[in-house]
file data_37.cif (mmCIF, C-alpha atoms; chains and numbers go by the auth columns)
data_upload
#
loop_
_atom_site.group_PDB
_atom_site.id
_atom_site.type_symbol
_atom_site.label_atom_id
_atom_site.label_comp_id
_atom_site.label_asym_id
_atom_site.label_seq_id
_atom_site.Cartn_x
_atom_site.Cartn_y
_atom_site.Cartn_z
_atom_site.B_iso_or_equiv
_atom_site.auth_seq_id
_atom_site.auth_asym_id
ATOM 1 C CA MET A 1 12.867 34.071 18.800 0.00 1 A
ATOM 2 C CA ARG A 2 14.345 30.807 17.614 0.00 2 A
ATOM 3 C CA VAL A 3 12.313 27.648 18.291 0.00 3 A
ATOM 4 C CA ILE A 4 14.061 24.313 18.800 0.00 4 A
ATOM 5 C CA ARG A 5 11.628 21.415 18.501 0.00 5 A
ATOM 6 C CA VAL A 6 12.144 18.322 20.627 0.00 6 A
ATOM 7 C CA ALA A 7 12.623 16.307 17.412 0.00 7 A
ATOM 8 C CA ASP A 8 15.470 18.628 16.328 0.00 8 A
ATOM 9 C CA GLN A 9 17.455 18.550 19.586 0.00 9 A
ATOM 10 C CA ILE A 10 20.831 16.904 18.965 0.00 10 A
ATOM 11 C CA ALA A 11 21.344 13.639 20.898 0.00 11 A
ATOM 12 C CA THR A 12 24.811 12.970 22.337 0.00 12 A
ATOM 13 C CA PRO A 13 26.134 10.363 24.795 0.00 13 A
ATOM 14 C CA TRP A 14 26.625 11.380 28.397 0.00 14 A
ATOM 15 C CA LYS A 15 30.198 12.160 29.361 0.00 15 A
ATOM 16 C CA ASN A 16 30.211 8.986 31.525 0.00 16 A
ATOM 17 C CA GLY A 17 28.668 6.953 28.673 0.00 17 A
ATOM 18 C CA GLN A 18 25.691 5.757 30.746 0.00 18 A
ATOM 19 C CA GLY A 19 22.912 7.591 28.891 0.00 19 A
ATOM 20 C CA VAL A 20 21.946 10.113 26.230 0.00 20 A
ATOM 21 C CA THR A 21 21.181 13.816 26.400 0.00 21 A
ATOM 22 C CA ARG A 22 19.529 16.066 23.791 0.00 22 A
ATOM 23 C CA GLU A 23 21.258 19.407 23.444 0.00 23 A
ATOM 24 C CA ILE A 24 19.035 22.480 23.124 0.00 24 A
ATOM 25 C CA ALA A 25 21.832 25.064 22.943 0.00 25 A
ATOM 26 C CA ALA A 26 25.474 25.524 23.877 0.00 26 A
ATOM 27 C CA HIS A 27 28.078 28.267 23.735 0.00 27 A
ATOM 28 C CA PRO A 28 30.323 28.690 21.911 0.00 28 A
ATOM 29 C CA PRO A 29 28.544 27.085 18.944 0.00 29 A
ATOM 30 C CA GLY A 30 30.084 23.729 18.079 0.00 30 A
ATOM 31 C CA ALA A 31 31.723 23.317 21.493 0.00 31 A
ATOM 32 C CA GLY A 32 32.145 19.782 22.805 0.00 32 A
ATOM 33 C CA LEU A 33 31.673 18.415 26.318 0.00 33 A
ATOM 34 C CA ALA A 34 35.150 19.540 27.373 0.00 34 A
ATOM 35 C CA ASP A 35 35.098 23.130 26.142 0.00 35 A
ATOM 36 C CA PHE A 36 31.601 24.647 26.345 0.00 36 A
ATOM 37 C CA ASP A 37 30.993 27.756 28.469 0.00 37 A
ATOM 38 C CA TRP A 38 27.308 26.995 28.966 0.00 38 A
ATOM 39 C CA ARG A 39 24.934 24.277 27.830 0.00 39 A
ATOM 40 C CA VAL A 40 21.195 23.566 28.081 0.00 40 A
ATOM 41 C CA SER A 41 20.017 20.004 27.508 0.00 41 A
ATOM 42 C CA ILE A 42 17.340 17.418 28.251 0.00 42 A
ATOM 43 C CA ALA A 43 18.380 13.969 29.484 0.00 43 A
ATOM 44 C CA LYS A 44 16.498 10.720 29.957 0.00 44 A
ATOM 45 C CA VAL A 45 17.497 8.768 33.066 0.00 45 A
ATOM 46 C CA ASP A 46 16.433 5.123 32.863 0.00 46 A
ATOM 47 C CA ALA A 47 18.474 3.725 35.748 0.00 47 A
ATOM 48 C CA SER A 48 20.085 4.839 38.990 0.00 48 A
ATOM 49 C CA GLY A 49 23.781 5.736 38.898 0.00 49 A
ATOM 50 C CA PRO A 50 26.402 8.489 39.067 0.00 50 A
ATOM 51 C CA PHE A 51 26.213 11.828 37.276 0.00 51 A
ATOM 52 C CA SER A 52 29.013 12.826 34.921 0.00 52 A
ATOM 53 C CA HIS A 53 31.801 14.917 36.452 0.00 53 A
ATOM 54 C CA PHE A 54 32.166 18.447 35.003 0.00 54 A
ATOM 55 C CA PRO A 55 35.132 20.360 36.490 0.00 55 A
ATOM 56 C CA ASP A 56 34.663 24.117 36.988 0.00 56 A
ATOM 57 C CA MET A 57 30.957 23.929 36.072 0.00 57 A
ATOM 58 C CA ASP A 58 27.859 24.942 38.011 0.00 58 A
ATOM 59 C CA ARG A 59 24.682 22.976 37.326 0.00 59 A
ATOM 60 C CA ARG A 60 20.949 23.508 37.614 0.00 60 A
ATOM 61 C CA LEU A 61 18.510 20.655 37.197 0.00 61 A
ATOM 62 C CA GLY A 62 14.719 20.488 36.948 0.00 62 A
ATOM 63 C CA ILE A 63 12.502 17.455 36.426 0.00 63 A
ATOM 64 C CA LEU A 64 10.220 17.312 33.391 0.00 64 A
ATOM 65 C CA GLU A 65 8.878 13.770 34.031 0.00 65 A
ATOM 66 C CA GLY A 66 9.376 11.091 36.702 0.00 66 A
ATOM 67 C CA VAL A 67 10.780 11.269 40.227 0.00 67 A
ATOM 68 C CA LEU A 68 14.485 11.299 41.096 0.00 68 A
ATOM 69 C CA ALA A 69 16.487 11.407 44.325 0.00 69 A
ATOM 70 C CA LEU A 70 19.947 13.027 44.231 0.00 70 A
ATOM 71 C CA LYS A 71 22.747 12.602 46.732 0.00 71 A
ATOM 72 C CA ILE A 72 25.130 15.500 46.203 0.00 72 A
ATOM 73 C CA ASP A 73 28.669 15.220 47.581 0.00 73 A
ATOM 74 C CA GLY A 74 27.625 12.556 50.100 0.00 74 A
ATOM 75 C CA GLY A 75 24.736 14.604 51.500 0.00 75 A
ATOM 76 C CA ALA A 76 21.206 13.488 52.277 0.00 76 A
ATOM 77 C CA ALA A 77 18.995 12.501 49.343 0.00 77 A
ATOM 78 C CA ILE A 78 16.997 15.333 47.742 0.00 78 A
ATOM 79 C CA LYS A 79 13.750 14.205 46.108 0.00 79 A
ATOM 80 C CA LEU A 80 12.944 15.942 42.817 0.00 80 A
ATOM 81 C CA CYS A 81 9.657 15.747 40.927 0.00 81 A
ATOM 82 C CA PRO A 82 7.873 17.602 38.095 0.00 82 A
ATOM 83 C CA ASN A 83 6.063 19.958 40.491 0.00 83 A
ATOM 84 C CA ALA A 84 9.281 21.146 42.152 0.00 84 A
ATOM 85 C CA GLY A 85 11.586 23.941 41.107 0.00 85 A
ATOM 86 C CA ALA A 86 15.165 23.487 39.954 0.00 86 A
ATOM 87 C CA ILE A 87 18.116 22.783 42.230 0.00 87 A
ATOM 88 C CA ALA A 88 21.680 24.064 41.890 0.00 88 A
ATOM 89 C CA PHE A 89 24.889 22.161 42.626 0.00 89 A
ATOM 90 C CA PRO A 90 28.560 22.096 41.559 0.00 90 A
ATOM 91 C CA GLY A 91 29.336 19.933 38.549 0.00 91 A
ATOM 92 C CA ASP A 92 32.642 18.789 40.004 0.00 92 A
ATOM 93 C CA VAL A 93 31.392 16.986 43.129 0.00 93 A
ATOM 94 C CA PRO A 94 30.147 13.379 43.278 0.00 94 A
ATOM 95 C CA VAL A 95 26.407 13.133 42.530 0.00 95 A
ATOM 96 C CA HIS A 96 24.433 9.895 42.611 0.00 96 A
ATOM 97 C CA ALA A 97 20.913 9.665 41.190 0.00 97 A
ATOM 98 C CA GLU A 98 18.277 7.152 42.219 0.00 98 A
ATOM 99 C CA VAL A 99 15.290 6.753 39.921 0.00 99 A
ATOM 100 C CA LEU A 100 12.224 6.553 42.191 0.00 100 A
ATOM 101 C CA GLU A 101 9.574 6.722 39.444 0.00 101 A
ATOM 102 C CA GLY A 102 10.858 6.408 35.945 0.00 102 A
ATOM 103 C CA PRO A 103 11.935 6.854 33.434 0.00 103 A
ATOM 104 C CA VAL A 104 12.994 10.358 34.431 0.00 104 A
ATOM 105 C CA THR A 105 13.411 13.226 31.987 0.00 105 A
ATOM 106 C CA ASP A 106 15.375 16.176 33.340 0.00 106 A
ATOM 107 C CA LEU A 107 16.351 19.630 32.145 0.00 107 A
ATOM 108 C CA ASN A 108 20.006 20.560 32.721 0.00 108 A
ATOM 109 C CA VAL A 109 21.739 23.923 32.630 0.00 109 A
ATOM 110 C CA MET A 110 25.520 23.958 33.027 0.00 110 A
ATOM 111 C CA SER A 111 27.720 27.058 33.089 0.00 111 A
ATOM 112 C CA ARG A 112 31.447 27.614 33.450 0.00 112 A
ATOM 113 C CA ARG A 113 32.098 28.932 36.960 0.00 113 A
ATOM 114 C CA GLY A 114 33.395 32.511 36.979 0.00 114 A
ATOM 115 C CA ARG A 115 32.254 33.249 33.404 0.00 115 A
ATOM 116 C CA TYR A 116 28.490 32.734 33.392 0.00 116 A
ATOM 117 C CA GLN A 117 25.708 32.655 35.975 0.00 117 A
ATOM 118 C CA THR A 118 22.304 31.081 35.412 0.00 118 A
ATOM 119 C CA THR A 119 18.820 31.030 36.863 0.00 119 A
ATOM 120 C CA MET A 120 16.136 28.452 36.148 0.00 120 A
ATOM 121 C CA THR A 121 12.565 29.177 37.245 0.00 121 A
ATOM 122 C CA ARG A 122 9.554 26.878 36.910 0.00 122 A
ATOM 123 C CA LEU A 123 6.216 28.557 36.103 0.00 123 A
ATOM 124 C CA ARG A 124 2.681 27.174 35.831 0.00 124 A
ATOM 125 C CA ILE A 125 0.554 29.206 33.403 0.00 125 A
ATOM 126 C CA GLU A 126 -3.196 28.751 32.960 0.00 126 A
ATOM 127 C CA ALA A 127 -4.035 32.058 31.213 0.00 127 A
ATOM 128 C CA ALA A 128 -2.198 34.448 28.902 0.00 128 A
ATOM 129 C CA ALA A 129 0.900 35.927 30.558 0.00 129 A
ATOM 130 C CA THR A 130 3.971 37.928 29.580 0.00 130 A
ATOM 131 C CA ILE A 131 7.508 36.896 30.490 0.00 131 A
ATOM 132 C CA ALA A 132 10.514 39.228 30.464 0.00 132 A
ATOM 133 C CA VAL A 133 13.346 38.081 28.204 0.00 133 A
ATOM 134 C CA SER A 134 16.845 39.419 27.681 0.00 134 A
ATOM 135 C CA LYS A 135 20.030 38.662 25.779 0.00 135 A
ATOM 136 C CA ARG A 136 20.177 34.955 26.704 0.00 136 A
ATOM 137 C CA THR A 137 16.747 33.689 27.768 0.00 137 A
ATOM 138 C CA MET A 138 15.269 30.278 27.000 0.00 138 A
ATOM 139 C CA ILE A 139 11.802 28.933 27.660 0.00 139 A
ATOM 140 C CA VAL A 140 11.409 25.144 27.747 0.00 140 A
ATOM 141 C CA LEU A 141 7.904 23.703 27.967 0.00 141 A
ATOM 142 C CA GLN A 142 7.654 21.028 30.617 0.00 142 A
ATOM 143 C CA SER A 143 4.062 20.028 29.852 0.00 143 A
ATOM 144 C CA GLY A 144 1.045 21.351 28.007 0.00 144 A
ATOM 145 C CA ALA A 145 1.044 23.530 24.890 0.00 145 A
ATOM 146 C CA ALA A 146 1.261 27.269 24.291 0.00 146 A
ATOM 147 C CA ALA A 147 1.544 29.912 21.592 0.00 147 A
ATOM 148 C CA LEU A 148 4.416 32.359 22.053 0.00 148 A
ATOM 149 C CA THR A 149 4.431 35.796 20.406 0.00 149 A
ATOM 150 C CA PHE A 150 7.621 37.878 20.338 0.00 150 A
ATOM 151 C CA LYS A 151 8.061 41.075 18.328 0.00 151 A
ATOM 152 C CA GLY A 152 5.167 40.098 16.046 0.00 152 A
ATOM 153 C CA GLN A 153 6.469 36.565 15.445 0.00 153 A
ATOM 154 C CA GLY A 154 4.273 33.721 16.698 0.00 154 A
ATOM 155 C CA GLN A 155 5.158 30.063 17.290 0.00 155 A
ATOM 156 C CA GLY A 156 3.370 27.153 18.934 0.00 156 A
ATOM 157 C CA LEU A 157 5.282 25.022 21.426 0.00 157 A
ATOM 158 C CA GLN A 158 4.610 21.519 22.757 0.00 158 A
ATOM 159 C CA ALA A 159 6.184 19.671 25.693 0.00 159 A
ATOM 160 C CA GLN A 160 10.014 19.727 25.597 0.00 160 A
ATOM 161 C CA ASP A 161 10.154 22.288 22.767 0.00 161 A
ATOM 162 C CA ALA A 162 12.334 25.322 23.505 0.00 162 A
ATOM 163 C CA ALA A 163 12.295 28.973 22.477 0.00 163 A
ATOM 164 C CA CYS A 164 15.579 30.908 22.569 0.00 164 A
ATOM 165 C CA PHE A 165 15.634 34.698 22.743 0.00 165 A
ATOM 166 C CA GLU A 166 18.560 36.937 21.871 0.00 166 A
ATOM 167 C CA SER A 167 17.216 40.414 22.493 0.00 167 A
ATOM 168 C CA GLN A 168 19.839 43.094 23.191 0.00 168 A
ATOM 169 C CA ALA A 169 17.251 45.231 25.000 0.00 169 A
ATOM 170 C CA ALA A 170 14.776 44.104 27.642 0.00 170 A
ATOM 171 C CA ALA A 171 11.646 42.734 25.978 0.00 171 A
ATOM 172 C CA ARG A 172 8.601 40.615 26.740 0.00 172 A
ATOM 173 C CA VAL A 173 7.133 37.476 25.187 0.00 173 A
ATOM 174 C CA LEU A 174 3.402 36.725 25.304 0.00 174 A
ATOM 175 C CA VAL A 175 2.617 33.153 26.345 0.00 175 A
ATOM 176 C CA GLU A 176 -0.908 31.927 25.606 0.00 176 A
ATOM 177 C CA PRO A 177 -1.499 28.368 26.839 0.00 177 A
ATOM 178 C CA SER A 178 -4.110 26.187 25.120 0.00 178 A
ATOM 179 C CA GLU A 179 -4.283 24.127 28.332 0.00 179 A
ATOM 180 C CA PRO A 180 -2.641 24.451 31.765 0.00 180 A
ATOM 181 C CA THR A 181 1.070 24.585 30.942 0.00 181 A
ATOM 182 C CA SER A 182 4.264 24.272 32.975 0.00 182 A
ATOM 183 C CA LEU A 183 7.529 25.699 31.719 0.00 183 A
ATOM 184 C CA PHE A 184 11.042 26.589 32.794 0.00 184 A
ATOM 185 C CA VAL A 185 12.524 30.036 32.146 0.00 185 A
ATOM 186 C CA ILE A 186 16.328 29.951 31.911 0.00 186 A
ATOM 187 C CA GLU A 187 18.457 33.103 32.099 0.00 187 A
ATOM 188 C CA ILE A 188 22.171 33.039 31.282 0.00 188 A
ATOM 189 C CA ALA A 189 24.237 36.076 32.294 0.00 189 A
ATOM 190 C CA GLY A 190 27.921 36.749 31.838 0.00 190 A
ATOM 191 C CA ARG A 191 30.460 37.501 29.141 0.00 191 A
#
call {"tool": "encode", "arguments": {"input": "data_37.cif", "output": "structure tokens"}}
result
Amino acid sequence: MRVIRVADQIATPWKNGQGVTREIAAHPPGAGLADFDWRVSIAKVDASGPFSHFPDMDRRLGILEGVLALKIDGGAAIKLCPNAGAIAFPGDVPVHAEVLEGPVTDLNVMSRRGRYQTTMTRLRIEAAATIAVSKRTMIVLQSGAAALTFKGQGQGLQAQDAACFESQAAARVLVEPSEPTSLFVIEIAGR
């Protein structure tokens, strides 16, 4: 288990230059915006506007704070809030975001189409629970605080901290919240 604190997440400008995102992890290590195979990041959205265009990428997005409406490829607006799950959409279609209650903080997972597939599940935990983890699993706390124990190693996490797991065999992590806690579990499968 590798913990990435919110304060240690690397801030980079958005591809369209209209904001900043904090990278949690990307593959291959050191890859830039044009050549990553997958990337997990947290972005702050202060104003309405277009999303960056990412050819050949699939995206998943969940809201950590605030309320956002997305129009994907000219479709009807989809309202997203902290109590909702993640949505999936292609990274290479026009997407326009409208900040309804802001600022908005969102969690993004992008993966190169045909190489990697992802899932992103929101969980609300009020008592100790175990979560299955595999080769590429990440847990990002949305709100609250929790202690995570994995293979005898324990770490405390706060909102927007992340824990990355790289277990070759199926394993489980114990999550013990100190208060009601919401989190996202991200699974990345592929090469």
call {"tool": "closest_residue", "arguments": {"input": "data_37.cif", "among": "A:Leu174, A:Val93, A:Ala169, A:Ile188", "to": "Thr137 of chain A", "atoms": "only C-alpha atoms"}}
result
A:Ile188
call {"tool": "residues_around", "arguments": {"input": "data_37.cif", "residues": "segment 81-86 of chain A", "least_positions_apart": "2", "cutoff": "10 Å", "atoms": "all atoms listed in the file", "output": "JSON, numbers by chain"}}
result
{"A": [59, 60, 61, 62, 63, 64, 65, 66, 67, 68, 69, 79, 88, 100, 101, 104, 105, 106, 107, 108, 109, 119, 120, 121, 122, 123, 124, 142, 143, 182, 184]}
call {"tool": "closest_residue", "arguments": {"input": "data_37.cif", "among": "A:Val173, A:Val40, A:Ala77, A:Ala189", "to": "Arg22 of chain A", "atoms": "all atoms listed in the file"}}
result
A:Val40
call {"tool": "atom_distance", "arguments": {"input": "data_37.cif", "atom1": "atom CA of Val3 of chain A", "atom2": "atom CA of Ser41 of chain A"}}
result
14.2 Å
call {"tool": "axis_aligned_box", "arguments": {"input": "data_37.cif", "around": "segment 166-183 of chain A", "padding_each_side": "3 Å", "output": "AutoDock Vina command-line options"}}
result
--center_x 7.8 --center_y 34.7 --center_z 27.4 --size_x 30.1 --size_y 27.1 --size_z 17.1
call {"tool": "residues_around", "arguments": {"input": "data_37.cif", "residues": "Lys151 of chain A", "least_positions_apart": "3", "cutoff": "12 Å", "atoms": "all atoms listed in the file", "output": "ChimeraX atom specification"}}
result
/A:1,133,148,154-155,165-167,170-174
call {"tool": "closest_residue", "arguments": {"input": "data_37.cif", "among": "A:Leu70, A:Gly152, A:Ser134, A:Ile125", "to": "Ser178 of chain A", "atoms": "all atoms listed in the file"}}
result
A:Ile125
call {"tool": "residues_near_point", "arguments": {"input": "data_37.cif", "point": "(16.5, 6.1, 38.3)", "cutoff": "7 Å", "atoms": "all atoms listed in the file", "output": "number ranges by chain"}}
result
A: 45-48, 68, 97-100, 102-104
call {"tool": "atom_distance", "arguments": {"input": "data_37.cif", "atom1": "atom CA of Ile24 of chain A", "atom2": "atom CA of Ala7 of chain A"}}
result
10.6 Å
call {"tool": "closest_residue", "arguments": {"input": "data_37.cif", "among": "A:Arg191, A:Arg136, A:Arg39, A:Lys71", "to": "Ala163 of chain A", "atoms": "all atoms listed in the file"}}
result
A:Arg136
call {"tool": "resolve_selection", "arguments": {"input": "data_37.cif", "expression": "the PyMOL selection byres ((chain A and resi 12-14) around 10)", "output": "ChimeraX atom specification"}}
result
/A:9-11,15-23,33,41,43,51-52
call {"tool": "closest_residue", "arguments": {"input": "data_37.cif", "among": "A:Ala162, A:Val95, A:Ala146, A:Leu141", "to": "Gly74 of chain A", "atoms": "all atoms listed in the file"}}
result
A:Val95
call {"tool": "resolve_selection", "arguments": {"input": "data_37.cif", "expression": "the PyMOL selection byres ((chain A and resi 179) around 8)", "output": "list in words"}}
result
Glu126, Gly144, Ala145, Ala146, Pro177, Ser178, Pro180 and Thr181 of chain A
call {"tool": "closest_residue", "arguments": {"input": "data_37.cif", "among": "A:Val140, A:Asp161, A:Ala127, A:Pro29", "to": "Val175 of chain A", "atoms": "all atoms listed in the file"}}
result
A:Ala127
